[in-house]
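The data block below is query-v4.txt; it holds compact mmCIF, C-alpha atoms.
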```txt
# COMPACT_ATOMS: atom_id res chain seq x y z
CA MET A 3 161.22 48.80 -26.69
CA ASN A 4 157.75 49.73 -27.98
CA ALA A 5 156.02 52.68 -26.30
CA LYS A 6 152.28 52.45 -25.62
CA PRO A 7 149.76 55.28 -25.16
CA GLY A 8 150.19 56.71 -21.67
CA ASP A 9 153.53 54.98 -21.26
CA SER A 10 155.64 56.90 -18.72
CA THR A 11 158.87 55.04 -19.42
CA PRO A 12 161.75 56.95 -21.03
CA ALA A 13 160.90 55.34 -24.37
CA GLY A 14 157.27 56.41 -24.01
CA ARG A 15 158.12 59.99 -23.04
CA ASN A 16 160.48 60.38 -25.97
CA ALA A 17 158.19 58.84 -28.59
CA PRO A 18 156.46 61.14 -31.11
CA VAL A 19 152.88 62.06 -30.30
CA GLY A 20 150.37 60.18 -32.43
CA ARG A 21 150.80 57.81 -35.33
CA ILE A 22 153.40 59.23 -37.69
CA ASP A 23 152.33 56.81 -40.41
CA GLN A 24 148.80 58.26 -40.27
CA MET A 25 149.81 61.93 -40.51
CA ARG A 26 148.71 63.30 -43.87
CA LYS A 27 146.91 66.24 -45.47
CA SER A 28 144.65 66.51 -48.47
CA TYR A 29 146.03 68.95 -51.03
CA THR A 30 143.07 70.70 -52.64
CA LEU A 31 144.08 74.34 -53.06
CA GLY A 32 144.69 74.22 -56.80
CA GLY A 33 146.35 72.65 -59.79
CA LEU A 34 149.10 73.43 -62.26
CA LEU A 35 148.75 72.91 -66.00
CA GLU A 36 151.26 73.52 -68.76
CA ASN A 37 149.17 76.45 -69.99
CA ASP A 38 149.36 78.02 -66.52
CA VAL A 39 153.13 78.51 -66.44
CA ASP A 40 155.36 81.12 -68.04
CA ALA A 41 157.90 80.09 -70.67
CA ASP A 42 160.61 81.49 -68.40
CA PRO A 43 161.02 79.65 -65.07
CA MET A 44 162.44 82.78 -63.40
CA VAL A 45 159.23 84.67 -64.19
CA GLN A 46 157.22 81.72 -62.90
CA PHE A 47 159.33 81.67 -59.73
CA HIS A 48 158.66 85.35 -59.10
CA HIS A 49 154.91 84.77 -59.48
CA TRP A 50 154.94 81.93 -56.95
CA PHE A 51 157.35 83.66 -54.58
CA ASN A 52 155.17 86.77 -54.43
CA GLU A 53 152.14 84.65 -53.67
CA ALA A 54 154.07 82.75 -50.99
CA ALA A 55 155.16 86.02 -49.38
CA GLY A 56 151.61 87.38 -49.50
CA HIS A 57 152.37 90.45 -51.56
CA GLU A 58 152.52 91.75 -55.10
CA ALA A 59 155.77 92.54 -56.85
CA ASP A 60 157.40 95.98 -56.71
CA GLN A 61 155.95 97.01 -53.35
CA ASP A 62 157.92 98.58 -50.54
CA ASP A 63 158.60 96.68 -47.31
CA ALA A 64 155.76 98.30 -45.38
CA ALA A 65 153.23 97.37 -48.05
CA GLU A 66 154.61 93.83 -48.19
CA ASP A 67 154.28 93.41 -44.42
CA ASP A 68 150.72 94.73 -44.53
CA ASP A 69 149.76 92.37 -47.35
CA ALA A 70 151.33 89.41 -45.56
CA SER A 71 149.36 90.15 -42.39
CA LYS A 72 146.10 90.39 -44.35
CA SER A 73 146.80 87.08 -46.10
CA GLY A 74 146.91 85.20 -42.80
CA ILE A 75 150.55 84.17 -43.21
CA PRO A 76 152.07 83.86 -39.71
CA PRO A 77 154.79 86.43 -38.88
CA TRP A 78 157.34 83.68 -38.19
CA PHE A 79 157.05 82.24 -41.69
CA GLU A 80 160.02 82.96 -43.98
CA PRO A 81 159.09 82.44 -47.65
CA ASN A 82 162.73 82.95 -48.65
CA ALA A 83 163.87 79.99 -46.53
CA MET A 84 165.24 77.22 -48.72
CA THR A 85 166.93 73.88 -48.15
CA LEU A 86 170.39 73.93 -49.68
CA SER A 87 171.91 70.52 -50.37
CA THR A 88 175.61 70.15 -51.16
CA SER A 89 177.85 67.13 -51.47
CA THR A 90 181.43 66.00 -51.53
CA PRO A 91 182.88 64.57 -54.76
CA GLU A 92 182.41 61.14 -53.13
CA GLY A 93 178.68 61.74 -52.76
CA ARG A 94 178.32 62.55 -49.06
CA VAL A 95 175.35 64.92 -48.94
CA SER A 96 174.70 67.71 -46.42
CA SER A 97 171.50 69.74 -46.21
CA ARG A 98 170.56 72.85 -44.24
CA VAL A 99 168.10 75.72 -44.43
CA VAL A 100 169.50 79.06 -45.63
CA LEU A 101 167.84 82.28 -46.74
CA LEU A 102 167.53 83.43 -50.34
CA LYS A 103 168.83 86.99 -50.51
CA GLY A 104 168.38 87.81 -54.16
CA VAL A 105 167.41 86.63 -57.63
CA GLU A 106 169.84 88.36 -59.96
CA GLN A 107 170.71 87.69 -63.59
CA ALA A 108 168.66 84.48 -63.47
CA GLN A 109 170.63 83.23 -60.46
CA PHE A 110 169.66 82.53 -56.84
CA VAL A 111 171.91 84.29 -54.31
CA PHE A 112 172.65 83.42 -50.68
CA PHE A 113 175.44 84.39 -48.27
CA THR A 114 177.61 82.40 -45.89
CA ASN A 115 181.02 81.90 -44.33
CA TYR A 116 183.45 80.64 -46.97
CA ASP A 117 185.08 78.32 -44.41
CA SER A 118 181.81 76.53 -43.61
CA VAL A 119 181.05 72.93 -44.55
CA LYS A 120 178.66 74.06 -47.27
CA SER A 121 181.29 76.33 -48.82
CA GLN A 122 183.97 73.65 -48.71
CA GLN A 123 181.64 71.20 -50.41
CA ILE A 124 180.65 73.75 -53.06
CA THR A 125 184.33 74.41 -53.77
CA ALA A 126 184.89 70.69 -54.28
CA ASN A 127 181.62 70.04 -56.10
CA PRO A 128 179.70 73.13 -57.31
CA MET A 129 176.53 71.22 -58.27
CA VAL A 130 173.87 71.91 -55.63
CA SER A 131 170.13 71.78 -55.12
CA LEU A 132 167.68 74.21 -53.53
CA CYS A 133 164.17 73.48 -52.30
CA PHE A 134 161.49 75.97 -51.25
CA PHE A 135 158.47 74.59 -49.37
CA TRP A 136 155.40 76.80 -49.04
CA PRO A 137 152.88 74.66 -47.12
CA HIS A 138 150.18 77.34 -46.98
CA LEU A 139 150.00 77.11 -50.79
CA GLN A 140 150.75 73.39 -50.91
CA ARG A 141 153.68 74.12 -53.21
CA GLN A 142 157.36 73.35 -53.60
CA VAL A 143 160.02 74.62 -55.99
CA MET A 144 163.05 72.40 -56.49
CA ILE A 145 166.13 73.83 -58.21
CA ALA A 146 169.29 72.06 -59.40
CA GLY A 147 172.29 73.97 -60.67
CA ARG A 148 175.84 75.19 -60.27
CA ALA A 149 176.97 77.50 -57.46
CA GLU A 150 179.83 79.94 -57.70
CA ARG A 151 181.08 82.85 -55.62
CA ILE A 152 179.82 86.33 -56.42
CA SER A 153 182.02 89.41 -56.55
CA ARG A 154 183.45 90.85 -53.35
CA ASP A 155 181.85 94.21 -54.18
CA ARG A 156 178.41 92.60 -54.28
CA SER A 157 179.08 90.74 -51.04
CA GLU A 158 180.29 93.93 -49.36
CA LYS A 159 177.18 95.84 -50.42
CA TYR A 160 174.92 93.21 -48.88
CA PHE A 161 177.10 92.81 -45.78
CA HIS A 162 176.75 96.50 -44.89
CA SER A 163 172.97 96.31 -45.35
CA ARG A 164 172.74 93.76 -42.52
CA PRO A 165 172.00 94.71 -38.91
CA ARG A 166 175.15 95.76 -37.11
CA GLU A 167 174.87 92.83 -34.69
CA SER A 168 174.82 90.41 -37.63
CA GLN A 169 177.93 92.02 -39.08
CA LEU A 170 179.74 91.48 -35.79
CA GLY A 171 178.43 87.92 -35.67
CA ALA A 172 180.00 87.17 -39.04
CA HIS A 173 183.38 88.13 -37.59
CA ALA A 174 182.81 86.28 -34.32
CA SER A 175 181.81 82.92 -35.75
CA THR A 176 184.29 80.42 -37.15
CA GLN A 177 181.41 78.60 -38.79
CA SER A 178 181.39 74.80 -38.54
CA ALA A 179 184.49 74.77 -36.30
CA VAL A 180 184.31 73.14 -32.86
CA ILE A 181 184.23 75.66 -29.99
CA GLU A 182 184.51 75.12 -26.26
CA SER A 183 181.30 76.87 -25.20
CA ARG A 184 178.81 79.60 -26.09
CA ALA A 185 180.79 81.91 -23.82
CA VAL A 186 183.53 81.88 -26.45
CA LEU A 187 181.15 83.46 -28.96
CA GLU A 188 179.79 85.96 -26.47
CA ASN A 189 183.29 87.07 -25.49
CA ARG A 190 184.25 87.50 -29.15
CA ILE A 191 181.18 89.65 -29.75
CA LYS A 192 182.07 91.82 -26.76
CA GLU A 193 185.63 92.27 -28.01
CA LEU A 194 184.43 93.13 -31.52
CA ALA A 195 181.89 95.64 -30.22
CA GLU A 196 184.73 97.40 -28.40
CA ARG A 197 186.92 97.28 -31.50
CA TYR A 198 184.18 98.79 -33.71
CA PRO A 199 182.28 101.20 -31.45
CA GLY A 200 179.38 103.44 -32.43
CA ASP A 201 179.14 104.02 -36.18
CA THR A 202 182.58 102.64 -36.96
CA VAL A 203 182.45 100.79 -40.27
CA ILE A 204 182.72 97.03 -39.77
CA PRO A 205 184.79 95.55 -42.61
CA LEU A 206 183.62 92.59 -44.63
CA PRO A 207 185.46 89.47 -43.38
CA ASP A 208 187.83 87.95 -45.92
CA ASN A 209 186.10 84.57 -45.52
CA TRP A 210 182.50 85.74 -45.90
CA GLY A 211 180.40 86.39 -48.98
CA GLY A 212 177.79 85.20 -51.42
CA PHE A 213 177.15 82.35 -53.80
CA ALA A 214 174.97 82.48 -56.90
CA VAL A 215 173.25 79.35 -58.18
CA GLU A 216 172.70 79.13 -61.93
CA PRO A 217 169.82 76.67 -62.46
CA THR A 218 169.81 73.86 -64.97
CA GLU A 219 166.49 72.44 -63.77
CA MET A 220 163.55 73.98 -61.92
CA GLU A 221 160.54 71.95 -60.82
CA PHE A 222 157.27 73.58 -59.78
CA TRP A 223 155.28 71.19 -57.61
CA GLN A 224 151.63 71.75 -56.75
CA GLY A 225 150.02 69.38 -54.28
CA ARG A 226 146.85 67.67 -55.51
CA ASP A 227 144.27 65.35 -53.99
CA SER A 228 144.92 61.59 -53.84
CA ARG A 229 148.67 62.30 -54.18
CA LEU A 230 148.24 62.97 -57.92
CA HIS A 231 150.45 66.05 -57.66
CA ASP A 232 151.27 68.34 -60.57
CA ARG A 233 154.97 68.51 -61.44
CA ILE A 234 156.07 70.91 -64.18
CA VAL A 235 159.82 70.91 -64.87
CA TYR A 236 162.03 73.32 -66.84
CA ARG A 237 165.37 72.00 -68.13
CA ARG A 238 168.33 73.66 -69.80
CA LYS A 239 172.05 72.98 -70.00
CA LEU A 240 174.59 75.21 -68.27
CA ASP A 241 176.24 78.16 -70.02
CA GLN A 242 173.53 78.59 -72.64
CA PRO A 243 173.41 81.88 -74.60
CA PRO A 244 170.89 84.45 -73.33
CA GLY A 245 167.43 83.75 -74.67
CA THR A 246 167.96 80.00 -75.08
CA PRO A 247 164.51 78.49 -74.47
CA TRP A 248 163.85 76.09 -71.62
CA LYS A 249 162.39 72.66 -72.28
CA ILE A 250 159.17 72.21 -70.27
CA VAL A 251 157.97 68.72 -69.35
CA ARG A 252 155.46 67.17 -66.96
CA LEU A 253 156.59 64.46 -64.55
CA SER A 254 154.43 61.74 -63.11
CA PRO A 255 153.80 62.22 -59.37
```
Rewrite the structure of this file - the entire thing - as structure tokens.
Amino acid sequence: MNAKPGDSTPAGRNAPVGRIDQMRKSYTLGGLLENDVDADPMVQFHHWFNEAAGHEADQDDAAEDDDASKSGIPPWFEPNAMTLSTSTPEGRVSSRVVLLKGVEQAQFVFFTNYDSVKSQQITANPMVSLCFFWPHLQRQVMIAGRAERISRDRSEKYFHSRPRESQLGAHASTQSAVIESRAVLENRIKELAERYPGDTVIPLPDNWGGFAVEPTEMEFWQGRDSRLHDRIVYRRKLDQPPGTPWKIVRLSP
């Protein structure tokens, strides 16, 4: 059934507003040339991430928040949000948005429940992809690489830096498992709050921790007019000795 403008039928009410095929933007904020990028993609990532977050490197949180507000970046925007794609050995792909929580030793770190779908797929097939999209700069960064678990000590350090409510939530949620209702979660939180009252230390769950992604390819994408986007890609094989140079190429848009 085709919905028409003003159509009050169920199909009309549920149809997207406007012509999806005519939704487009002109990308005119800048370009990206080979001479513009650093020889090290991690350095280049830090440059772009700081611009996306609206602050300079090495500032405290208060200064970062102030810079972000001056830049016009909306408070709801999360520059560390990234799409993580994982797959089964058979090629069934799953994607979801997670938050980057660190860039350490040239690796991208995020945290999750080790019983989740994403963790199960990473265990079976550690090759993953990450994608950052920063629309206010008309930029993307796409990363392909291998994910592996980080140390429990590192996971515990981050876990205890989280808000207390989030620590309880990690215990309460059997991530990706079917539950009867939201009340199940709320009752678990109540029970956990009684078990760990006040300033009682909440232990790190055995099935919760971080993954670090070691990149083999990083693409820096800058939107350009007429869809002639700039795509600069760094490539390097896994397990290369420190200091091994990256190959830098340009891809056709």
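When CA of Asp241 in chain A is paired with CA of Glu150 in chain A, their separation reads 13.0 Å.
Pairwise distance (CA of His162 in chain A, CA of Arg190 in chain A) equals 19.6 Å.
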Notebook entry, point to check: Which polymer residues have any atom within 10 Å of an atom of Arg252 in chain A, counting all atoms listed in the file, with same-chain residues fewer than 2 positions away left out, as a list of chain:residue names?
Noted result: A:Leu35, A:Glu36, A:Glu221, A:Phe222, A:Asp232, A:Arg233, A:Ile234, A:Val235, A:Tyr236, A:Ile250, A:Ser254, A:Pro255
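Minimum atom-to-atom distances from A:Asn127, A:Asn189, A:Ser183, A:Thr202 to Gly93 in chain A were compared using only C-alpha atoms, and the lowest value belongs to A:Asn127.
Across A:Arg98, A:Arg154, A:His57, A:His173, the tightest approach to Asn115 in chain A is made by A:His173 when counting only C-alpha atoms.
Rounded to one decimal, CA of Pro165 in chain A and CA of Gly74 in chain A lie 27.1 Å from each other.
Ranking A:Trp136, A:Phe213, A:Tyr29, A:Phe113 by their shortest atom-to-atom distance to Glu53 in chain A, with only C-alpha atoms included, puts A:Trp136 first.
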Give me, as a PDB file with C-alpha atoms, in the frame of the given file, all polymer residues having an atom no more than 10 Å from Tyr116 in chain A, counting all atoms listed in the file and skipping those fewer than 5 positions away in the same chain.
```pdb
ATOM      1  CA  SER A 121     181.290  76.330 -48.820  1.00  0.00           C
ATOM      2  CA  GLN A 122     183.970  73.650 -48.710  1.00  0.00           C
ATOM      3  CA  ILE A 124     180.650  73.750 -53.060  1.00  0.00           C
ATOM      4  CA  THR A 125     184.330  74.410 -53.770  1.00  0.00           C
ATOM      5  CA  ARG A 151     181.080  82.850 -55.620  1.00  0.00           C
ATOM      6  CA  THR A 176     184.290  80.420 -37.150  1.00  0.00           C
ATOM      7  CA  GLN A 177     181.410  78.600 -38.790  1.00  0.00           C
ATOM      8  CA  PRO A 207     185.460  89.470 -43.380  1.00  0.00           C
ATOM      9  CA  ASP A 208     187.830  87.950 -45.920  1.00  0.00           C
ATOM     10  CA  ASN A 209     186.100  84.570 -45.520  1.00  0.00           C
ATOM     11  CA  TRP A 210     182.500  85.740 -45.900  1.00  0.00           C
ATOM     12  CA  GLY A 211     180.400  86.390 -48.980  1.00  0.00           C
ATOM     13  CA  GLY A 212     177.790  85.200 -51.420  1.00  0.00           C
ATOM     14  CA  PHE A 213     177.150  82.350 -53.800  1.00  0.00           C
TER      15      PHE A 213
END
```
Next item on the list: Quick one: everything within 10 Å of Ser87 in chain A, counting all atoms listed in the file, minus sequence neighbours fewer than 5 positions away in the same chain. Send it as a PyMOL selection string.
Entry: chain A and resi 95-99+120+123-124+129-133+146
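Closest to Arg148 in chain A among A:Leu240, A:Leu101, A:Val180, A:Leu86 is A:Leu240, based on all atoms listed in the file.
Taking only C-alpha atoms into account, Gly56 in chain A lies nearest to A:His138 out of the set A:His138, A:Arg26, A:Arg94, A:Arg237.
The smallest atom-to-atom distance between Met84 in chain A and any of A:Val111, A:Val119, A:Val251, A:Val100, using only C-alpha atoms, is found for A:Val100.
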Item checked: Long-range neighbours of Gly104 in chain A as a PyMOL selection string, 12 Å cut-off, all atoms listed in the file, 3 positions minimum in chain -> chain A and resi 48+51+82-83+101+107-113+152+156-157+160+212-215
Next item on the list: Tell me, as a list in words, which residues lie within 10 Å of Tyr198 in chain A, counting all atoms listed in the file; anything in the same chain fewer than 6 positions away does not count.
Entry: Leu170, Ile204 and Pro205 of chain A
Where atoms are lacking, range 82-109 of chain A completed to N, CA and C atoms, as a short mmCIF file (atom, residue, chain, number, x, y, z; two decimals), in the coordinates of the input:
```cif
data_model
loop_
_atom_site.label_atom_id
_atom_site.label_comp_id
_atom_site.auth_asym_id
_atom_site.auth_seq_id
_atom_site.Cartn_x
_atom_site.Cartn_y
_atom_site.Cartn_z
N ASN A 82 161.43 83.05 -47.98
CA ASN A 82 162.73 82.95 -48.65
C ASN A 82 163.63 81.89 -48.03
N ALA A 83 163.11 81.11 -47.08
CA ALA A 83 163.87 79.99 -46.53
C ALA A 83 163.92 78.85 -47.55
N MET A 84 165.09 78.30 -47.74
CA MET A 84 165.24 77.22 -48.72
C MET A 84 166.23 76.20 -48.19
N THR A 85 165.99 74.95 -48.50
CA THR A 85 166.93 73.88 -48.15
C THR A 85 168.01 73.83 -49.21
N LEU A 86 169.24 74.01 -48.79
CA LEU A 86 170.39 73.93 -49.68
C LEU A 86 171.09 72.60 -49.43
N SER A 87 171.21 71.80 -50.48
CA SER A 87 171.91 70.52 -50.37
C SER A 87 173.20 70.59 -51.18
N THR A 88 174.29 70.19 -50.53
CA THR A 88 175.61 70.15 -51.16
C THR A 88 176.19 68.77 -50.93
N SER A 89 177.24 68.45 -51.66
CA SER A 89 177.85 67.13 -51.47
C SER A 89 179.33 67.16 -51.78
N THR A 90 180.01 66.19 -51.22
CA THR A 90 181.43 66.00 -51.53
C THR A 90 181.54 65.29 -52.88
N PRO A 91 182.70 65.31 -53.50
CA PRO A 91 182.88 64.57 -54.76
C PRO A 91 182.57 63.08 -54.61
N GLU A 92 182.69 62.57 -53.36
CA GLU A 92 182.41 61.14 -53.13
C GLU A 92 180.93 60.86 -52.94
N GLY A 93 180.11 61.93 -52.87
CA GLY A 93 178.68 61.74 -52.76
C GLY A 93 178.09 61.87 -51.38
N ARG A 94 178.86 62.33 -50.40
CA ARG A 94 178.32 62.55 -49.06
C ARG A 94 177.54 63.86 -49.06
N VAL A 95 176.24 63.78 -48.80
CA VAL A 95 175.35 64.92 -48.94
C VAL A 95 175.11 65.59 -47.59
N SER A 96 175.07 66.92 -47.59
CA SER A 96 174.70 67.71 -46.42
C SER A 96 173.59 68.66 -46.83
N SER A 97 172.61 68.83 -45.94
CA SER A 97 171.50 69.74 -46.21
C SER A 97 171.29 70.65 -45.01
N ARG A 98 170.88 71.89 -45.29
CA ARG A 98 170.56 72.85 -44.24
C ARG A 98 169.66 73.92 -44.85
N VAL A 99 168.96 74.64 -43.97
CA VAL A 99 168.10 75.72 -44.43
C VAL A 99 168.89 77.02 -44.41
N VAL A 100 168.88 77.74 -45.53
CA VAL A 100 169.50 79.06 -45.63
C VAL A 100 168.45 80.01 -46.20
N LEU A 101 168.78 81.29 -46.25
CA LEU A 101 167.84 82.28 -46.74
C LEU A 101 168.25 82.81 -48.12
N LEU A 102 167.32 82.79 -49.04
CA LEU A 102 167.53 83.43 -50.34
C LEU A 102 167.63 84.93 -50.13
N LYS A 103 168.65 85.55 -50.69
CA LYS A 103 168.83 86.99 -50.51
C LYS A 103 168.80 87.77 -51.82
N GLY A 104 168.52 87.09 -52.90
CA GLY A 104 168.38 87.81 -54.16
C GLY A 104 168.19 86.85 -55.32
N VAL A 105 167.50 87.34 -56.35
CA VAL A 105 167.41 86.63 -57.63
C VAL A 105 167.92 87.62 -58.66
N GLU A 106 169.14 87.40 -59.11
CA GLU A 106 169.84 88.36 -59.96
C GLU A 106 170.42 87.67 -61.18
N GLN A 107 170.17 88.24 -62.35
CA GLN A 107 170.71 87.69 -63.59
C GLN A 107 170.40 86.20 -63.71
N ALA A 108 169.15 85.86 -63.38
CA ALA A 108 168.66 84.48 -63.47
C ALA A 108 169.45 83.53 -62.56
N GLN A 109 169.91 84.05 -61.43
CA GLN A 109 170.63 83.23 -60.46
C GLN A 109 170.06 83.49 -59.07
#
```
